[in-house]
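Undergrad: What follows is the file target21.tsv, containing TSV, C-alpha atoms:
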chain	number	residue	atom	x	y	z
A	1000	MET	CA	189.75	153.06	127.48
A	1001	THR	CA	189.97	156.82	127.92
A	1002	ASN	CA	188.67	157.23	131.47
A	1003	CYS	CA	190.40	154.24	133.08
A	1004	LEU	CA	192.88	155.13	135.84
A	1005	PHE	CA	195.18	152.21	135.03
A	1006	CYS	CA	195.10	152.94	131.28
A	1007	LYS	CA	196.21	156.48	132.15
A	1008	ILE	CA	199.05	155.08	134.28
A	1009	ILE	CA	200.07	152.80	131.38
A	1010	ALA	CA	200.03	155.79	129.01
A	1011	GLY	CA	202.25	157.77	131.40
A	1012	GLU	CA	199.55	160.39	132.03
A	1013	ILE	CA	199.61	159.54	135.75
A	1014	PRO	CA	202.94	158.73	137.46
A	1015	SER	CA	203.57	155.43	139.21
A	1016	SER	CA	206.37	153.82	141.15
A	1017	LYS	CA	207.25	151.13	138.60
A	1018	LEU	CA	208.83	147.84	139.52
A	1019	TYR	CA	208.65	146.31	136.03
A	1020	GLU	CA	207.31	147.05	132.57
A	1021	ASP	CA	207.26	145.29	129.20
A	1022	ASP	CA	205.00	145.26	126.13
A	1023	GLU	CA	202.24	143.31	127.92
A	1024	MET	CA	202.21	144.46	131.53
A	1025	LEU	CA	203.11	147.00	134.15
A	1026	VAL	CA	203.99	146.32	137.80
A	1027	PHE	CA	203.97	149.17	140.31
A	1028	HIS	CA	203.65	149.89	144.02
A	1029	ASP	CA	200.10	150.43	145.27
A	1030	ILE	CA	199.68	154.03	146.49
A	1031	ASN	CA	197.32	152.78	149.23
A	1032	LYS	CA	199.67	150.25	150.87
A	1033	MET	CA	197.91	147.64	152.97
A	1034	SER	CA	201.10	145.79	153.88
A	1035	PRO	CA	204.85	146.46	153.81
A	1036	VAL	CA	204.99	144.88	150.34
A	1037	HIS	CA	202.00	145.81	148.18
A	1038	PHE	CA	202.20	146.03	144.44
A	1039	LEU	CA	199.87	145.68	141.46
A	1040	VAL	CA	200.37	143.73	138.25
A	1041	ILE	CA	198.22	144.98	135.37
A	1042	PRO	CA	197.92	143.98	131.72
A	1043	LYS	CA	198.41	146.80	129.24
A	1044	LYS	CA	195.41	145.43	127.37
A	1045	HIS	CA	192.26	146.84	128.94
A	1046	ILE	CA	190.28	143.96	130.43
A	1047	GLU	CA	187.62	145.12	132.89
A	1048	ASN	CA	187.78	142.18	135.28
A	1049	LEU	CA	188.27	138.44	135.56
A	1050	LEU	CA	184.57	137.80	134.89
A	1051	VAL	CA	184.86	139.11	131.32
A	1052	LEU	CA	188.18	137.40	130.59
A	1053	GLU	CA	188.28	135.65	127.23
A	1054	GLU	CA	189.99	132.33	126.52
A	1055	ALA	CA	192.41	134.17	124.22
A	1056	ASP	CA	193.72	136.09	127.27
A	1057	SER	CA	194.48	133.03	129.41
A	1058	ALA	CA	198.19	132.94	128.48
A	1059	LEU	CA	198.51	136.64	129.33
A	1060	VAL	CA	196.98	136.08	132.77
A	1061	GLY	CA	199.42	133.22	133.34
A	1062	ARG	CA	202.32	135.54	132.52
A	1063	LEU	CA	200.91	138.18	134.90
A	1064	PHE	CA	200.97	135.64	137.75
A	1065	CYS	CA	204.47	134.45	136.88
A	1066	LYS	CA	205.73	138.03	136.96
A	1067	ALA	CA	203.87	138.66	140.25
A	1068	LYS	CA	205.67	135.64	141.74
A	1069	GLU	CA	209.02	136.88	140.48
A	1070	ILE	CA	208.54	140.40	141.87
A	1071	ALA	CA	207.29	139.00	145.20
A	1072	LYS	CA	210.55	137.06	145.51
A	1073	GLU	CA	212.57	140.17	144.59
A	1074	GLN	CA	210.71	142.09	147.29
A	1075	GLY	CA	211.81	139.58	149.95
A	1076	CYS	CA	208.65	137.50	150.26
A	1077	GLU	CA	209.94	134.13	149.03
A	1078	GLU	CA	210.40	132.57	152.48
A	1079	LYS	CA	207.17	133.64	154.21
A	1080	GLY	CA	204.97	134.23	151.15
A	1081	GLY	CA	202.07	136.61	150.79
A	1082	ARG	CA	198.65	136.97	149.21
A	1083	PHE	CA	197.76	137.26	145.52
A	1084	VAL	CA	194.34	138.89	145.09
A	1085	ILE	CA	192.07	139.64	142.15
A	1086	ASN	CA	188.88	141.53	143.00
A	1087	ALA	CA	185.97	141.47	140.53
A	1088	LYS	CA	183.18	144.04	140.39
A	1089	THR	CA	181.55	145.88	143.27
A	1090	ASP	CA	180.80	142.95	145.60
A	1091	GLY	CA	184.34	141.68	145.08
A	1092	GLY	CA	185.81	145.01	146.17
A	1093	GLN	CA	187.10	146.10	142.75
A	1094	THR	CA	187.60	149.87	142.71
A	1095	VAL	CA	189.33	150.26	139.32
A	1096	ASP	CA	187.62	148.60	136.34
A	1097	HIS	CA	190.83	147.20	134.86
A	1098	LEU	CA	191.98	143.67	135.68
A	1099	HIS	CA	194.79	143.73	138.23
A	1100	ILE	CA	196.53	141.43	140.65
A	1101	HIS	CA	197.40	142.72	144.11
A	1102	PHE	CA	200.32	141.15	145.92
A	1103	LEU	CA	200.46	141.77	149.67
A	1104	GLY	CA	203.31	140.52	151.83
A	1105	GLY	CA	205.84	141.42	154.47
A	1106	ARG	CA	203.48	140.68	157.37
A	1107	GLY	CA	201.05	138.02	158.48
A	1108	LEU	CA	197.62	138.31	156.88
A	1109	GLY	CA	194.48	137.01	158.56
A	1110	TRP	CA	191.63	135.06	157.03
A	1111	PRO	CA	188.90	135.76	156.28
A	1112	PRO	CA	189.73	139.27	155.09
A	1113	GLY	CA	187.78	142.17	156.65
Starting from the file, give its structure as structure tokens.

TA:
Amino acid sequence: MTNCLFCKIIAGEIPSSKLYEDDEMLVFHDINKMSPVHFLVIPKKHIENLLVLEEADSALVGRLFCKAKEIAKEQGCEEKGGRFVINAKTDGGQTVDHLHIHFLGGRGLGWPPG
């Protein structure tokens, strides 16, 4: 998708602070940190959001979560944990129309979120 911020990051048109990359996904620090540890896991395949996810993409989403778990541990969040978040569409707080998982950790997080 030509006008997607995350597709531009994947293509290298916009720089990012990468934590991991392979043929299917990219993991990078969020530029608008909401906690000491805050990174995004995105598929390289453009999928707008979880609500349009197809059955054929279910294995990919599983791999995204497994990588998010692995990076969270590497970032020092294994003992106390953190929050994995997927926002969908406007009411869900999604600001970039490309499926992504936020991981937030390194501090206590309240519930419900603001």

Undergrad: Given all atoms listed in the file as the basis, pick out the residue of A:Ile1085, A:Ala1055, A:Ile1100, A:Leu1049 nearest to A:Lys1068.

TA: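 Using all atoms listed in the file, A:Lys1068 sits closest to A:Ile1100.
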
Undergrad: Report the distance between atom CA of A:Leu1039 and atom CA of A:Gln1093 in Å, rounded to one decimal place.

TA: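 Separation between atom CA of A:Leu1039 and atom CA of A:Gln1093: 12.8 Å.
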
Undergrad: Between atom CA of A:Gly1011 and atom CA of A:Glu1053, what distance in Å does the model show, to one decimal?

TA: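 The value is 26.5 Å.
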
Undergrad: Nearest to A:Ser1034: which of A:Gly1080, A:Gly1061, A:Gly1107, A:Gly1075 is it, counting all atoms listed in the file?

TA: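 For A:Ser1034, the nearest of the given residues is A:Gly1107.
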
Undergrad: So what do you get for atom CA of A:Lys1017 versus atom CA of A:Glu1054, distance-wise?

TA: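 Separating atom CA of A:Lys1017 from atom CA of A:Glu1054 is a distance of 28.2 Å.
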
Undergrad: Nearest to A:His1101: which of A:Leu1052, A:Ile1013, A:Val1036, A:Val1084 is it, counting all atoms listed in the file?

TA: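 Residue with the minimum atom-to-atom distance to A:His1101: A:Val1084.
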
Undergrad: Would you list the residues near (205.1, 145.7, 139.0), meaning any protein, DNA or RNA residue with an atom at most 7 Å from that point in file coordinates, counting only C-alpha atoms, as a ChimeraX atom specification?

TA: /A:1017-1020,1025-1028,1038-1040,1070

Undergrad: Store the residues picked out above in a file with C-alpha atoms, as a PDB file, in the frame of the given file.

TA:
ATOM      1  CA  LYS A1017     207.250 151.130 138.600  1.00  0.00           C
ATOM      2  CA  LEU A1018     208.830 147.840 139.520  1.00  0.00           C
ATOM      3  CA  TYR A1019     208.650 146.310 136.030  1.00  0.00           C
ATOM      4  CA  GLU A1020     207.310 147.050 132.570  1.00  0.00           C
ATOM      5  CA  LEU A1025     203.110 147.000 134.150  1.00  0.00           C
ATOM      6  CA  VAL A1026     203.990 146.320 137.800  1.00  0.00           C
ATOM      7  CA  PHE A1027     203.970 149.170 140.310  1.00  0.00           C
ATOM      8  CA  HIS A1028     203.650 149.890 144.020  1.00  0.00           C
ATOM      9  CA  PHE A1038     202.200 146.030 144.440  1.00  0.00           C
ATOM     10  CA  LEU A1039     199.870 145.680 141.460  1.00  0.00           C
ATOM     11  CA  VAL A1040     200.370 143.730 138.250  1.00  0.00           C
ATOM     12  CA  ILE A1070     208.540 140.400 141.870  1.00  0.00           C
TER      13      ILE A1070
END

Undergrad: Excluding stretch 1003-1010 of chain A and residues on its chain fewer than 4 positions from it, collect all residues at most 7 Å away from it, counting all atoms listed in the file, and give them as a list of chain:residue names.

TA: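 In the requested format, the answer is A:Pro1014, A:Ser1015, A:Lys1043, A:Val1095, A:His1097.
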
Undergrad: Using the selection just defined, write its residues with C-alpha atoms as a tab-separated table (two decimals), keeping the file's coordinate frame.

TA:
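Saved result, result33.tsv, follows:
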chain	number	residue	atom	x	y	z
A	1014	PRO	CA	202.94	158.73	137.46
A	1015	SER	CA	203.57	155.43	139.21
A	1043	LYS	CA	198.41	146.80	129.24
A	1095	VAL	CA	189.33	150.26	139.32
A	1097	HIS	CA	190.83	147.20	134.86

Undergrad: Select, from A:Phe1083, A:Thr1001, A:Ile1030, A:Glu1047, the residue with the minimum atom-to-atom distance to A:Lys1066, counting only C-alpha atoms.

TA: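 Comparing A:Phe1083, A:Thr1001, A:Ile1030, A:Glu1047 against A:Lys1066, the winner is A:Phe1083.
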
Undergrad: Could you check which of A:Gly1105, A:Trp1110, A:Cys1065, A:Lys1032 is closest to A:Glu1078, using only C-alpha atoms?

TA: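 Among A:Gly1105, A:Trp1110, A:Cys1065, A:Lys1032, it is A:Gly1105 that comes nearest to A:Glu1078.
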
Undergrad: Have a look at A:Leu1103, A:Met1033, A:Ile1041, A:Leu1108 and name the one nearest to A:Phe1064; count only C-alpha atoms.

TA: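 Under the stated criterion, the closest residue is A:Ile1041.
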
Undergrad: List the neighbours of A:Pro1042 out to 9 Å using only C-alpha atoms; skip same-chain residues closer than 5 positions along the sequence, and give me the result as an NGL selection string.

TA: :A and (1023-1026 or 1059-1060 or 1063 or 1097-1099)

Undergrad: Could you turn the residues from that selection into a file that holds C-alpha atoms, as a compact mmCIF listing (two decimals), in the frame of the given file?

TA:
# COMPACT_ATOMS: atom_id res chain seq x y z
CA GLU A 1023 202.24 143.31 127.92
CA MET A 1024 202.21 144.46 131.53
CA LEU A 1025 203.11 147.00 134.15
CA VAL A 1026 203.99 146.32 137.80
CA LEU A 1059 198.51 136.64 129.33
CA VAL A 1060 196.98 136.08 132.77
CA LEU A 1063 200.91 138.18 134.90
CA HIS A 1097 190.83 147.20 134.86
CA LEU A 1098 191.98 143.67 135.68
CA HIS A 1099 194.79 143.73 138.23
